[in-house]
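Student: Structure below; questions to follow.
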Number of protein chains: 2
Amino acid sequence: MSKIAVLGTGDVGDTIGSKLIELGHTVIMGSRTASNEKTLLFIAKHGGKATAGTYAYAAAKGEIIFNCTRGLFSVEALKMAGEENLKDKIIVDVSNPIDLSKGYPPILSICNTSSVGEEIQNAFPSAKVVKALNTVWCGLMVNPGLVNNGDHTTFICGNDINAKQRVIEILESFGWDDENILDLGNITASRGTEMYLALWLRVMGKMNKSTFNIKIVR
Amino acid sequence: MSKIAVLGTGDVGDTIGSKLIELGHTVIMGSRTASNEKTLLFIAKHGGKATAGTYAYAAAKGEIIFNCTRGLFSVEALKMAGEENLKDKIIVDVSNPIDLSKGYPPILSICNTSSVGEEIQNAFPSAKVVKALNTVWCGLMVNPGLVNNGDHTTFICGNDINAKQRVIEILESFGWDDENILDLGNITASRGTEMYLALWLRVMGKMNKSTFNIKIVR
């Protein structure tokens, strides 16, 4: 079991943090302020099995970092976490650069020639950024069995083979079959999984639900 | 059976034009010049069942227009075809805005806030643009049975309901099951299906083949 920092206390952080606690990990929630309302609710819900603090506090305590902040602000949040607290650590980046400021459907704040995954890796060169899980609704991230008996595809990418292997183990503990986890290569492949969001949003709008995913078939 | 103009004489135009001829349609191939080498080969291959000419010649003869030109140049090609020759017609846009000028993997020449499908619709307001088939390799466009017994998803979008229905009929004649054709709404959804290419290219690179697709599962 690991000490895992979960940065971001929205639905994604809550969902992933709760699953990690269920699996027996020690979870340290990180937010902009030391203790926002959602963090307090999270700690209350888990009966003291979680702790919380600022991004920097959580990152310092965590051996592995889950970035569950909004992609639009992820680099900023990780800078608040502090380079020294991220040094040589695995950052599992599940974010998407969704920008709703121009209305719906949202645009991506970054795409095509870069991605949040790449921006994080560039900002923290010693960290081992692994992009993962960002192509599905957070409920599915930790419970793939909700659709098609769990038989659908999830993607990871990153520059460090060992870090990816560790993240694959975590995904398997979430319920993902090894054969459904597709390693797309280095961190630049984040562009692909983040830009897919433009299609995901349209499919979600058409189906009027988020409990779906894609399966690569050949 | 219809008179169908196929603009673009690359692999995509060749594949779609050949399938349309096999199905009994009259095909008029359109290219930048009246008769390039590929066009002559196409006509020879089909024993005179196809005719060919400039983009304008083909568009004038066609009741339905397939845009199989490269997305980077599609609006330009359609302007050469001439607004009067596209007036009120269905344009089936299967293109992608892949720009290889900056190296591999390619970037998209347009995305996020617009798309080739939208640019074509904006340039030719009376035309009924239907984006279709651009999320798969051209061989799969006309032969979905090549993977997973044909059980995978294809997307269409466009502003005109009747035009989309006509295109659905054509897709069904290509072998697509009605239940696997997902209508994503108006032409702005082209952004979704075109941006998916960034993911498609990575999956293709990983699998080292183009004979795959995604199936939406729920």
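Chain lettering (A, B, ...) mirrors the order of the structure tokens, residue numbering begins at 1 for each chain separately, and ligand numbering begins at 1 in order of display.
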Show me, as a PyMOL selection string, the residues of chain B whose atoms get within 10 Å of chain A, using only C-alpha atoms for the distance check.
Tutor: chain B and resi 105-114+146-153+155+182-185+188-207+209-218
Student: Just to be explicit: take each residue in the selection above, keep N, CA and C atoms, and write the result as a short mmCIF file (atom, residue, chain, number, x, y, z; two decimals), in the first residue's frame.
Tutor:
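Output file out.cif is given in full below:
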```cif
data_model
loop_
_atom_site.label_atom_id
_atom_site.label_comp_id
_atom_site.auth_asym_id
_atom_site.auth_seq_id
_atom_site.Cartn_x
_atom_site.Cartn_y
_atom_site.Cartn_z
N PRO B 105 4.22 12.94 -35.30
CA PRO B 105 2.84 12.87 -35.77
C PRO B 105 2.33 14.22 -36.27
N PRO B 106 1.44 14.19 -37.22
CA PRO B 106 0.93 15.43 -37.81
C PRO B 106 0.07 16.21 -36.82
N ILE B 107 -0.07 17.48 -37.08
CA ILE B 107 -1.06 18.26 -36.33
C ILE B 107 -2.29 18.44 -37.21
N LEU B 108 -3.33 18.98 -36.64
CA LEU B 108 -4.51 19.31 -37.44
C LEU B 108 -4.41 20.78 -37.85
N SER B 109 -4.73 21.06 -39.10
CA SER B 109 -4.61 22.45 -39.58
C SER B 109 -5.73 23.31 -39.02
N ILE B 110 -6.78 22.68 -38.55
CA ILE B 110 -7.89 23.40 -37.94
C ILE B 110 -8.50 22.47 -36.90
N CYS B 111 -8.85 23.01 -35.72
CA CYS B 111 -9.51 22.19 -34.71
C CYS B 111 -9.98 23.06 -33.56
N ASN B 112 -10.65 22.45 -32.62
CA ASN B 112 -11.03 23.07 -31.35
C ASN B 112 -12.18 24.08 -31.49
N THR B 113 -11.96 25.14 -32.27
CA THR B 113 -13.02 26.15 -32.44
C THR B 113 -13.68 26.07 -33.81
N SER B 114 -13.21 25.20 -34.66
CA SER B 114 -13.86 24.97 -35.95
C SER B 114 -13.37 23.63 -36.49
N LEU B 146 -14.47 -5.82 -42.16
CA LEU B 146 -13.05 -6.18 -41.99
C LEU B 146 -12.64 -6.30 -40.53
N VAL B 147 -13.34 -5.60 -39.62
CA VAL B 147 -13.01 -5.73 -38.19
C VAL B 147 -14.25 -6.07 -37.38
N ASN B 148 -14.04 -6.94 -36.38
CA ASN B 148 -15.08 -7.27 -35.38
C ASN B 148 -16.43 -7.59 -36.02
N ASN B 149 -16.40 -8.30 -37.14
CA ASN B 149 -17.63 -8.66 -37.85
C ASN B 149 -18.51 -7.45 -38.16
N GLY B 150 -17.87 -6.31 -38.33
CA GLY B 150 -18.63 -5.10 -38.69
C GLY B 150 -19.29 -4.41 -37.51
N ASP B 151 -19.05 -4.94 -36.31
CA ASP B 151 -19.73 -4.37 -35.13
C ASP B 151 -18.84 -3.32 -34.46
N HIS B 152 -18.94 -2.09 -34.95
CA HIS B 152 -18.21 -0.95 -34.38
C HIS B 152 -18.92 0.31 -34.85
N THR B 153 -18.48 1.45 -34.31
CA THR B 153 -19.29 2.66 -34.43
C THR B 153 -18.77 3.63 -35.48
N PHE B 155 -19.76 7.70 -37.10
CA PHE B 155 -20.45 8.92 -36.68
C PHE B 155 -20.87 9.74 -37.91
N LEU B 182 -23.96 6.56 -35.46
CA LEU B 182 -24.38 7.48 -34.39
C LEU B 182 -24.43 8.91 -34.93
N ASP B 183 -25.64 9.48 -34.93
CA ASP B 183 -25.84 10.86 -35.38
C ASP B 183 -25.53 11.80 -34.21
N LEU B 184 -24.48 12.59 -34.35
CA LEU B 184 -24.01 13.44 -33.24
C LEU B 184 -24.61 14.83 -33.26
N GLY B 185 -25.51 15.10 -34.21
CA GLY B 185 -26.16 16.41 -34.21
C GLY B 185 -25.70 17.28 -35.36
N THR B 188 -21.35 21.21 -36.27
CA THR B 188 -20.26 21.56 -35.34
C THR B 188 -19.66 20.32 -34.67
N ALA B 189 -20.40 19.21 -34.68
CA ALA B 189 -19.86 17.97 -34.10
C ALA B 189 -18.68 17.43 -34.92
N SER B 190 -18.48 17.97 -36.12
CA SER B 190 -17.28 17.61 -36.90
C SER B 190 -16.01 17.83 -36.10
N ARG B 191 -16.04 18.85 -35.23
CA ARG B 191 -14.87 19.08 -34.37
C ARG B 191 -14.51 17.82 -33.60
N GLY B 192 -15.54 17.15 -33.10
CA GLY B 192 -15.31 15.95 -32.31
C GLY B 192 -14.71 14.84 -33.15
N THR B 193 -15.31 14.57 -34.32
CA THR B 193 -14.82 13.43 -35.10
C THR B 193 -13.48 13.73 -35.74
N GLU B 194 -13.21 15.00 -36.04
CA GLU B 194 -11.90 15.33 -36.62
C GLU B 194 -10.80 15.32 -35.54
N MET B 195 -11.10 15.83 -34.35
CA MET B 195 -10.08 15.87 -33.30
C MET B 195 -9.74 14.47 -32.78
N TYR B 196 -10.69 13.55 -32.94
CA TYR B 196 -10.42 12.15 -32.58
C TYR B 196 -9.22 11.60 -33.36
N LEU B 197 -8.96 12.19 -34.52
CA LEU B 197 -7.83 11.72 -35.33
C LEU B 197 -6.52 11.73 -34.56
N ALA B 198 -6.38 12.68 -33.62
CA ALA B 198 -5.15 12.74 -32.82
C ALA B 198 -4.98 11.46 -32.00
N LEU B 199 -6.09 10.90 -31.53
CA LEU B 199 -6.04 9.63 -30.81
C LEU B 199 -5.87 8.47 -31.80
N TRP B 200 -6.63 8.53 -32.90
CA TRP B 200 -6.56 7.47 -33.91
C TRP B 200 -5.12 7.25 -34.37
N LEU B 201 -4.41 8.35 -34.63
CA LEU B 201 -3.03 8.25 -35.12
C LEU B 201 -2.13 7.54 -34.12
N ARG B 202 -2.34 7.81 -32.82
CA ARG B 202 -1.52 7.16 -31.79
C ARG B 202 -1.85 5.69 -31.68
N VAL B 203 -3.13 5.35 -31.75
CA VAL B 203 -3.52 3.95 -31.67
C VAL B 203 -2.98 3.21 -32.90
N MET B 204 -3.10 3.85 -34.05
CA MET B 204 -2.59 3.25 -35.28
C MET B 204 -1.08 3.00 -35.17
N GLY B 205 -0.36 3.97 -34.64
CA GLY B 205 1.08 3.81 -34.45
C GLY B 205 1.42 2.67 -33.51
N LYS B 206 0.60 2.54 -32.47
CA LYS B 206 0.82 1.48 -31.48
C LYS B 206 0.52 0.10 -32.06
N MET B 207 -0.59 0.01 -32.81
CA MET B 207 -1.01 -1.29 -33.36
C MET B 207 -0.29 -1.62 -34.66
N LYS B 209 -1.16 -0.86 -37.55
CA LYS B 209 -2.08 -1.17 -38.63
C LYS B 209 -3.28 -0.22 -38.56
N SER B 210 -4.00 -0.13 -39.67
CA SER B 210 -5.13 0.80 -39.76
C SER B 210 -6.48 0.10 -39.67
N THR B 211 -6.44 -1.23 -39.62
CA THR B 211 -7.70 -1.98 -39.59
C THR B 211 -8.19 -2.14 -38.16
N PHE B 212 -8.63 -1.02 -37.58
CA PHE B 212 -9.24 -1.03 -36.26
C PHE B 212 -10.25 0.10 -36.22
N ASN B 213 -11.11 0.04 -35.26
CA ASN B 213 -12.04 1.15 -35.03
C ASN B 213 -12.45 1.12 -33.57
N ILE B 214 -13.28 2.08 -33.19
CA ILE B 214 -13.81 2.09 -31.84
C ILE B 214 -15.28 1.69 -31.87
N LYS B 215 -15.69 1.06 -30.80
CA LYS B 215 -17.11 0.75 -30.61
C LYS B 215 -17.53 1.44 -29.32
N ILE B 216 -18.58 2.21 -29.40
CA ILE B 216 -19.11 2.83 -28.19
C ILE B 216 -19.84 1.74 -27.40
N VAL B 217 -19.44 1.56 -26.14
CA VAL B 217 -20.12 0.58 -25.30
C VAL B 217 -20.68 1.29 -24.07
N ARG B 218 -21.77 0.75 -23.56
CA ARG B 218 -22.43 1.40 -22.40
C ARG B 218 -22.86 0.38 -21.38
#
```
Student: Excluding Leu86 of chain A and residues on its chain fewer than 3 positions from it, collect all residues at most 9 Å away from it, counting only C-alpha atoms, and give them as number ranges by chain.
Tutor: A: 59-60, 62-65, 78, 81-83, 89-91, 124, 126-127
Student: If you keep N, CA and C atoms, can you produce a file of those selected residues as a PDB file, in the first residue's frame?
Tutor:
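selection-v9.pdb, freshly written:
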```pdb
ATOM      1  N   ALA A  59       1.420  16.969  -1.488  1.00  0.00           N
ATOM      2  CA  ALA A  59       2.473  16.470  -2.392  1.00  0.00           C
ATOM      3  C   ALA A  59       3.700  16.025  -1.603  1.00  0.00           C
ATOM      4  N   ALA A  60       4.010  16.756  -0.544  1.00  0.00           N
ATOM      5  CA  ALA A  60       5.177  16.388   0.268  1.00  0.00           C
ATOM      6  C   ALA A  60       4.988  15.016   0.917  1.00  0.00           C
ATOM      7  N   GLY A  62       2.884  12.595  -0.160  1.00  0.00           N
ATOM      8  CA  GLY A  62       2.551  11.519  -1.099  1.00  0.00           C
ATOM      9  C   GLY A  62       3.765  10.921  -1.772  1.00  0.00           C
ATOM     10  N   GLU A  63       3.767   9.588  -1.933  1.00  0.00           N
ATOM     11  CA  GLU A  63       4.809   8.928  -2.728  1.00  0.00           C
ATOM     12  C   GLU A  63       4.429   8.958  -4.205  1.00  0.00           C
ATOM     13  N   ILE A  64       3.133   8.937  -4.432  1.00  0.00           N
ATOM     14  CA  ILE A  64       2.564   9.036  -5.780  1.00  0.00           C
ATOM     15  C   ILE A  64       1.560  10.191  -5.738  1.00  0.00           C
ATOM     16  N   ILE A  65       1.489  10.949  -6.852  1.00  0.00           N
ATOM     17  CA  ILE A  65       0.589  12.104  -6.890  1.00  0.00           C
ATOM     18  C   ILE A  65      -0.480  11.883  -7.954  1.00  0.00           C
ATOM     19  N   LEU A  78       0.143  22.499  -9.586  1.00  0.00           N
ATOM     20  CA  LEU A  78       1.353  21.727  -9.299  1.00  0.00           C
ATOM     21  C   LEU A  78       2.516  22.638  -8.931  1.00  0.00           C
ATOM     22  N   ALA A  81       2.068  23.165  -5.491  1.00  0.00           N
ATOM     23  CA  ALA A  81       2.522  21.969  -4.757  1.00  0.00           C
ATOM     24  C   ALA A  81       4.033  22.024  -4.525  1.00  0.00           C
ATOM     25  N   GLY A  82       4.742  22.604  -5.472  1.00  0.00           N
ATOM     26  CA  GLY A  82       6.177  22.816  -5.262  1.00  0.00           C
ATOM     27  C   GLY A  82       7.041  21.761  -5.929  1.00  0.00           C
ATOM     28  N   GLU A  83       7.975  22.207  -6.729  1.00  0.00           N
ATOM     29  CA  GLU A  83       8.834  21.285  -7.482  1.00  0.00           C
ATOM     30  C   GLU A  83       9.545  20.300  -6.555  1.00  0.00           C
ATOM     31  N   LYS A  89       8.874  11.890  -8.432  1.00  0.00           N
ATOM     32  CA  LYS A  89       7.650  11.133  -8.114  1.00  0.00           C
ATOM     33  C   LYS A  89       6.799  10.877  -9.365  1.00  0.00           C
ATOM     34  N   ILE A  90       5.973   9.851  -9.274  1.00  0.00           N
ATOM     35  CA  ILE A  90       4.986   9.591 -10.322  1.00  0.00           C
ATOM     36  C   ILE A  90       3.835  10.573 -10.157  1.00  0.00           C
ATOM     37  N   ILE A  91       3.511  11.292 -11.231  1.00  0.00           N
ATOM     38  CA  ILE A  91       2.302  12.120 -11.249  1.00  0.00           C
ATOM     39  C   ILE A  91       1.318  11.462 -12.213  1.00  0.00           C
ATOM     40  N   PHE A 124       7.961  20.040 -14.838  1.00  0.00           N
ATOM     41  CA  PHE A 124       8.613  19.272 -13.760  1.00  0.00           C
ATOM     42  C   PHE A 124       9.382  18.098 -14.374  1.00  0.00           C
ATOM     43  N   SER A 126      11.865  16.230 -13.652  1.00  0.00           N
ATOM     44  CA  SER A 126      12.272  15.033 -12.901  1.00  0.00           C
ATOM     45  C   SER A 126      11.079  14.159 -12.529  1.00  0.00           C
ATOM     46  N   ALA A 127       9.884  14.722 -12.576  1.00  0.00           N
ATOM     47  CA  ALA A 127       8.691  13.931 -12.257  1.00  0.00           C
ATOM     48  C   ALA A 127       8.411  12.948 -13.389  1.00  0.00           C
TER      49      ALA A 127
END
```
Student: From a backbone DSSP assignment, name each residue in segment 53-208 of chain B labelled strand (DSSP E), as a list in words.
Tutor: Gly53, Thr54, Ile64, Ile65, Phe66, Asn67, Ile90, Ile91, Val92, Asp93, Ile98, Asp99, Ile107, Leu108, Lys128, Val129, Val130, Lys131, Ala132, Thr154, Phe155, Ile156, Cys157, Gly158, Ile181, Leu182 and Asp183 of chain B
Student: Using only C-alpha atoms, find the one residue out of A:Ala58, A:Lys79, A:Lys45, A:Thr9 that sits nearest to Val27 of chain A.
Tutor: A:Ala58
Student: Please determine, counting only C-alpha atoms, which residue among A:Ser95, A:Asn159, A:Thr135, A:Asn186 has the shortest atom-to-atom distance to Gly13 of chain A.
Tutor: A:Ser95
